[in-house]
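Just below is one structure, and these are the notes that go with it.
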Amino acid sequence: MGAIINKPGTARNSMTEDEPGAESASGSASGSPTSSSLVALATQAFLELGAPSFIHVNLDAVVNNINVLKSLSGPNTGIMGVVKGGAYGSGLMKVVDVLLQEGVQELAVATVAEGVYLRKHGVNVPITILGNLLACEVEAVTSHTLTPSISWATALVSQPKHKLLYPDGSRLSVAINIDTGMSRYGVQPADLPQLVQQLQQLDVSINSMYTHFQSAITEKEKNQKQLDIFLQATEPYKTRLHVAATTGCVQGLATHLDLIRPGGAITGLCSGSDSEGCQQFIRCGFQPAFSVVAQPSFYKLLPAGRYIGYDATYQTHGDEWIANFTTGWSDGISRRLSNGVGSVKRVKTGELCPIVGRVSMDSITARLPEAPEEGEVFQVITDDFDEVTSAVGMARNLGAAVYEMPGNWSTRLARVFSTSGKIVHISHSLDYEC
Ligand SMILES: *Cc1c(COP(=O)(O)O)cnc(C)c1O
């Protein structure tokens with residue numbers, strides 16, 4: 001499945017509250033190979049779910065992205081797959097299954113609860129917790145054989161030594177986060193020797209040392225400076241090192257250390273929304289896995305002069321076909337996509353249909369060029385790099401993070417997972433847990 005890439009420079013018109021503006025010319029080509037297989041999958045999903053909208057997670061894209069990540073990293077470099085936030089909104093367990101099948105050796109999540117969830121679902125590979133360890137988390141971390149991150153020894157010094165053991169009797173092993181410029185978590189490089197000494201006294205072993213880049217794909221020199229500081233600080237120690245998340249992988253920075261540590265790239269999400277960085281990301285070959293698919297739940301032809309939705313923010317200019325889709329901000333679509341900032345994509349033709357009126361809690365209204373066909377398929381978020389409808393396009397237009405766009409979707413829409421265009425798993429509405 002080829003990603004549909006817009007030509008750069010098809011800038012979206014800025015739109016006022018009551019003027020959704022012209023449809024963007026950036027739609028995908030009609031009749032593209034994706035559209036017919038998507039229509040078949042969507043038709044089946046609508047029937048199986050008994051619902052008119054769902055989140056589609058294309059697991060082939062995840063496989064593709066792992067292969068891209070392997071090609072971007074050194075021959076002896078492993079992958080620590082970051083699957084926090086329910087694999088960035090795509091759904092934790094199915095994405096993890098694919099990662100493990102594809103030979104990903106380790107996982108990382110943000111919170112202890114996410115790590116415990118993975119253990120309770122039978123995941124046995126090493127799991128690093130990226131958030132800073134607190135004393136109240138030590139018990140859960142050790143009893144589930146997780147690897148916590150630490151920036152200081154504070155959480156550990158208050159513990160009796162027998163609490164710093166895993167169930168098999170081995171010593172707690174920690175990942176040391178080093179602050180090389182991000183200034184979020186991490187021990188200052190000057191304080192690292194003292195921290196290592198404290199850990200020795202506590203009989204805690206060191207699993208790895210890592211740092212995290214602060215700057216965008218287009219700012220390689222700044223990240224290089226952080227890498228230099230990191231390599232110098234860690235030089236005296238014999239331990240595993242990992243630095244490159246999605247940005248580093250695209251930049252080719254720190255991709256030959258012991259591990260890479262990508263998250264967003266796994267589901268084809270670019271780490272930034274700027275066009276130039278995004279073009280570099282696309283050129284690597286990544287494909288978005290996440291999209292939101294819907295058929296209209298209702299439509300009508302309205303005459304000129306009608307006001308649509310809460311607060312009457314959009315007025316029809318002439319006869320306009322207005323369709324409802326059953327998804328709103330309670331599912332995860334930003335209210336700031338109201339009134340032409342966002343559009344839905346008509347799969348049959350690739351046309352963009354502007355969202356008119358406010359995004360409401362459970363529904364959006366879009367202006368269609370004509371009456372839709374029975375059960376016609378639309379995408380509310382596209383699995384491409386479209387300037388309006390993709391996660392990266394939306395994030396750019398909203399001044400938001402790309403990862404927020406799928407990451408904010410709740411459990412109310414079912415998640416439908418596919419391989420080779422076939423549905424392989426469904427996480428039903430409100431059943432999806434993590
Ligand atoms: C989230 C996170 C990652 C993954 O970053 P991506 O940009 O999603 O690849 C890696 N390391 C740390 C410390 C993180 O918090």
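In the structure tokens, the first chain shown is A, the next is B, and so on; residue numbers restart at 1 for each chain, and ligands run from 1 in the order shown.
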With only C-alpha atoms and all ligand atoms counted, collect every polymer residue having an atom within 7 Å of ligand 1; state the result as a PyMOL selection string. chain A and resi 82+110+130+211-212+245-247+261-265+271
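Contact shell of segment 120-126 of chain A at 8 Å (only C-alpha atoms; same-chain neighbours under 3 positions omitted): Gln105, Glu106, Leu107, Val116, Tyr117, Leu146 and Thr147 of chain A.
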Write the residues of the selection above to a file with C-alpha atoms, as a PDB file, in the first residue's frame.
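Written out: out_1.pdb:
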ATOM      1  CA  GLN A 105      13.815  -7.416  21.373  1.00  0.00           C
ATOM      2  CA  GLU A 106      12.622  -4.980  24.022  1.00  0.00           C
ATOM      3  CA  LEU A 107       9.777  -2.592  24.799  1.00  0.00           C
ATOM      4  CA  VAL A 116       2.417  -4.131  34.557  1.00  0.00           C
ATOM      5  CA  TYR A 117      -0.365  -4.349  31.953  1.00  0.00           C
ATOM      6  CA  LEU A 146      10.418  -4.113  34.998  1.00  0.00           C
ATOM      7  CA  THR A 147      13.387  -1.845  34.332  1.00  0.00           C
TER       8      THR A 147
END
Shell around Ile229 of chain A at 9 Å using only C-alpha atoms, local window under 3 positions removed, as number ranges by chain: A: 180-181, 189, 224-226, 232-234
Please provide the set of residues having any atom within 6 Å of segment 352-356 of chain A, restricted to only C-alpha atoms, with same-chain residues fewer than 3 positions apart removed, written as a VMD selection string. chain A and resid 23 338 to 340 342 to 345 365 to 368
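Residue neighbourhood of Ser71 of chain A, excluding near-sequence residues (fewer than 5 positions): A:Asn64, A:Asn65, A:Ile66, A:Asn76, A:Thr77, A:Gly78, A:Ile79, A:Cys249, A:Val250, A:Gly252, A:Thr255, A:His256, A:Ile260, A:Cys284, A:Gly285, A:Phe286, at 12 Å, using only C-alpha atoms.
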Let me see the file: selected residues, N, CA and C atoms, as a CSV table (one decimal), in the first residue's frame.
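The resulting result11.csv:
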chain,number,residue,atom,x,y,z
A,64,ASN,N,5.9,-2.8,7.9
A,64,ASN,CA,6.8,-1.9,7.1
A,64,ASN,C,7.7,-1.0,7.9
A,65,ASN,N,7.1,-0.4,8.9
A,65,ASN,CA,7.8,0.6,9.7
A,65,ASN,C,9.0,0.0,10.5
A,66,ILE,N,8.7,-1.2,11.0
A,66,ILE,CA,9.8,-1.9,11.7
A,66,ILE,C,10.9,-2.2,10.7
A,76,ASN,N,24.3,-4.4,14.4
A,76,ASN,CA,24.3,-5.0,15.7
A,76,ASN,C,23.4,-4.2,16.7
A,77,THR,N,22.6,-3.3,16.2
A,77,THR,CA,21.7,-2.5,17.0
A,77,THR,C,20.4,-3.1,17.2
A,78,GLY,N,19.9,-3.2,18.4
A,78,GLY,CA,18.6,-3.8,18.6
A,78,GLY,C,17.5,-2.7,18.7
A,79,ILE,N,16.3,-3.1,18.7
A,79,ILE,CA,15.2,-2.1,18.8
A,79,ILE,C,14.5,-2.3,20.2
A,249,CYS,N,16.5,8.4,14.5
A,249,CYS,CA,16.5,7.4,13.5
A,249,CYS,C,16.4,8.1,12.1
A,250,VAL,N,15.5,9.1,12.0
A,250,VAL,CA,15.4,9.8,10.7
A,250,VAL,C,16.7,10.6,10.4
A,252,GLY,N,19.7,9.8,11.4
A,252,GLY,CA,20.9,8.9,11.4
A,252,GLY,C,21.8,9.2,12.5
A,255,THR,N,22.3,5.9,15.7
A,255,THR,CA,21.6,4.6,15.2
A,255,THR,C,22.5,3.4,15.2
A,256,HIS,N,23.8,3.6,15.7
A,256,HIS,CA,24.7,2.5,15.8
A,256,HIS,C,25.0,2.1,17.2
A,260,ILE,N,18.1,1.3,19.3
A,260,ILE,CA,17.4,2.5,19.0
A,260,ILE,C,16.1,2.4,19.9
A,284,CYS,N,12.1,8.2,4.2
A,284,CYS,CA,12.6,7.0,4.9
A,284,CYS,C,11.7,5.8,4.5
A,285,GLY,N,10.5,6.1,4.2
A,285,GLY,CA,9.6,5.0,3.8
A,285,GLY,C,8.5,4.6,4.8
A,286,PHE,N,8.4,5.4,5.9
A,286,PHE,CA,7.4,5.1,6.9
A,286,PHE,C,6.0,5.3,6.4
Which parts of segment 48-276 of chain A does DSSP call strand (DSSP E or B) when run on the backbone here, written out as a PyMOL selection string? chain A and resi 53-58+78-82+106-109+127-132+147-150+165+171+173-178+187+205-210+240-242+259-260
Output for the residues just chosen: C-alpha atoms as a short mmCIF file (atom, residue, chain, number, x, y, z; two decimals), in the first residue's frame:
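After the write, result_6.cif holds the following:
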data_model
loop_
_atom_site.label_atom_id
_atom_site.label_comp_id
_atom_site.auth_asym_id
_atom_site.auth_seq_id
_atom_site.Cartn_x
_atom_site.Cartn_y
_atom_site.Cartn_z
CA SER A 53 -17.46 4.68 12.23
CA PHE A 54 -14.31 3.02 13.51
CA ILE A 55 -10.58 3.40 13.96
CA HIS A 56 -8.61 1.38 11.41
CA VAL A 57 -5.15 0.19 12.35
CA ASN A 58 -3.23 -1.20 9.39
CA GLY A 78 18.58 -3.78 18.64
CA ILE A 79 15.19 -2.12 18.81
CA MET A 80 13.50 -1.04 22.03
CA GLY A 81 9.98 -0.38 20.75
CA VAL A 82 8.24 2.45 22.62
CA GLU A 106 12.62 -4.98 24.02
CA LEU A 107 9.78 -2.59 24.80
CA ALA A 108 9.43 0.68 26.64
CA VAL A 109 6.39 2.45 28.09
CA ILE A 127 10.36 -3.61 29.51
CA THR A 128 11.84 -0.22 30.38
CA ILE A 129 9.71 2.38 32.13
CA LEU A 130 10.62 5.82 30.76
CA GLY A 131 9.05 7.92 33.52
CA ASN A 132 11.18 8.74 36.55
CA THR A 147 13.39 -1.84 34.33
CA PRO A 148 12.75 1.59 35.80
CA SER A 149 14.41 4.79 34.66
CA ILE A 150 16.15 6.85 37.29
CA LEU A 165 15.33 -7.69 44.14
CA ARG A 171 19.18 -7.53 41.61
CA SER A 173 18.36 -3.26 37.24
CA VAL A 174 17.80 0.35 36.27
CA ALA A 175 18.19 2.51 33.18
CA ILE A 176 19.94 5.80 33.93
CA ASN A 177 18.46 8.79 32.14
CA ILE A 178 21.12 11.43 31.50
CA VAL A 187 20.94 13.12 35.96
CA SER A 205 22.69 -2.98 38.69
CA ILE A 206 22.72 -0.77 35.62
CA ASN A 207 20.72 -2.01 32.64
CA SER A 208 21.60 0.84 30.32
CA MET A 209 22.21 4.57 30.04
CA TYR A 210 20.22 6.80 27.75
CA ARG A 240 24.35 -0.55 27.04
CA LEU A 241 23.61 2.83 25.45
CA HIS A 242 20.52 4.03 23.60
CA LEU A 259 19.60 0.01 20.75
CA ILE A 260 17.36 2.49 19.02
#
With 10 Å as the cut-off and only C-alpha atoms counted, what is the closest atom pair between each nearby residue of segment 235-322 of chain A and segment 406-415 of chain A? Distances in Å to one decimal, ordered by chain and number, as CSV.
residue,atom,partner,partner_atom,distance
A:Thr267,CA,A:Pro406,CA,9.8
A:Leu269,CA,A:Pro406,CA,9.1
A:Ala289,CA,A:Pro406,CA,9.9
A:Phe290,CA,A:Pro406,CA,6.9
A:Ser291,CA,A:Pro406,CA,8.0
A:Val292,CA,A:Leu413,CA,9.0
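Close contacts of Gln315 of chain A, defined as residues with an atom at most 8 Å away when counting only C-alpha atoms, with chain neighbours fewer than 6 positions off set aside, comprise A:Asp18, A:Ala304, A:Gly305, A:Arg306, A:Tyr307, A:Ile308.
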With C-alpha atoms retained, export the selected residues as an mmCIF file, in the first residue's frame.
data_model
loop_
_atom_site.group_PDB
_atom_site.id
_atom_site.type_symbol
_atom_site.label_atom_id
_atom_site.label_comp_id
_atom_site.auth_asym_id
_atom_site.auth_seq_id
_atom_site.Cartn_x
_atom_site.Cartn_y
_atom_site.Cartn_z
ATOM 1 C CA ASP A 18 -18.148 31.165 8.355
ATOM 2 C CA ALA A 304 -28.703 29.133 1.548
ATOM 3 C CA GLY A 305 -28.811 30.989 4.820
ATOM 4 C CA ARG A 306 -28.987 28.102 7.276
ATOM 5 C CA TYR A 307 -26.721 28.142 10.313
ATOM 6 C CA ILE A 308 -25.127 24.844 11.261
#
Would you pick out the contacts of Ile364 of chain A at 9 Å or less, using only C-alpha atoms, so that residues sharing its chain but fewer than 5 positions from it are not included, and give the list as a list in words? Gly309, Ala323, Asn324, Phe325, Thr326, Thr327, Gly328, Trp329, Ser338, Ile355, Val356, Gly357, Arg358 and Val359 of chain A
Top pick for closest residue to Pro52 of chain A, considering A:Glu276, A:Glu376, A:Asp319, A:Asp383 and counting only C-alpha atoms: A:Glu376
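For the choices A:Ala190, A:Ser151, A:Val62, A:Asp331, the atom-to-atom distance to Leu430 of chain A is smallest for A:Asp331 when using only C-alpha atoms.
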Work out how far apart atom CA of Ala155 of chain A and atom CA of Leu134 of chain A are and give it in Å to one decimal. 5.0 Å
Of A:Ile426, A:Val347, A:Ala401, A:Ala140, the one nearest to Ala40 of chain A when counting only C-alpha atoms is A:Val347
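Distances from A:Tyr403, A:Phe298, A:Phe417, A:Phe385 to Ala371 of chain A were compared using only C-alpha atoms, and the smallest one belongs to A:Phe298.
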One residue among A:Glu351, A:Val141, A:Val157, A:Leu302 is nearest to Gln379 of chain A when using only C-alpha atoms, and that residue is A:Glu351
Those of segment 113-157 of chain A in DSSP helix (DSSP H, G or I), formatted as an mmCIF file with C-alpha atoms, in the first residue's frame:
data_model
loop_
_atom_site.group_PDB
_atom_site.id
_atom_site.type_symbol
_atom_site.label_atom_id
_atom_site.label_comp_id
_atom_site.auth_asym_id
_atom_site.auth_seq_id
_atom_site.Cartn_x
_atom_site.Cartn_y
_atom_site.Cartn_z
ATOM 1 C CA ALA A 113 0.977 0.690 35.091
ATOM 2 C CA GLU A 114 1.585 0.264 31.361
ATOM 3 C CA GLY A 115 4.480 -2.088 32.086
ATOM 4 C CA VAL A 116 2.417 -4.131 34.557
ATOM 5 C CA TYR A 117 -0.365 -4.349 31.953
ATOM 6 C CA LEU A 118 2.044 -5.819 29.421
ATOM 7 C CA ARG A 119 3.320 -8.368 31.959
ATOM 8 C CA LYS A 120 -0.259 -9.354 32.858
ATOM 9 C CA ALA A 135 9.487 5.172 45.881
ATOM 10 C CA CYS A 136 5.807 4.198 45.757
ATOM 11 C CA GLU A 137 6.428 2.402 42.442
ATOM 12 C CA VAL A 138 9.348 0.211 43.517
ATOM 13 C CA GLU A 139 7.210 -2.722 44.650
ATOM 14 C CA ALA A 140 5.258 -2.919 41.361
ATOM 15 C CA VAL A 141 8.449 -2.528 39.349
ATOM 16 C CA THR A 142 10.354 -5.311 41.091
ATOM 17 C CA SER A 143 7.453 -7.739 41.384
ATOM 18 C CA THR A 154 15.979 9.002 45.795
ATOM 19 C CA ALA A 155 13.357 6.325 45.218
ATOM 20 C CA LEU A 156 15.825 3.582 46.125
ATOM 21 C CA VAL A 157 17.723 4.828 49.170
#
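For the residues A:Thr389, A:Asn67, A:Ser420, A:Thr382, ranking by smallest atom-to-atom distance to Val293 of chain A using only C-alpha atoms places A:Thr382 first.
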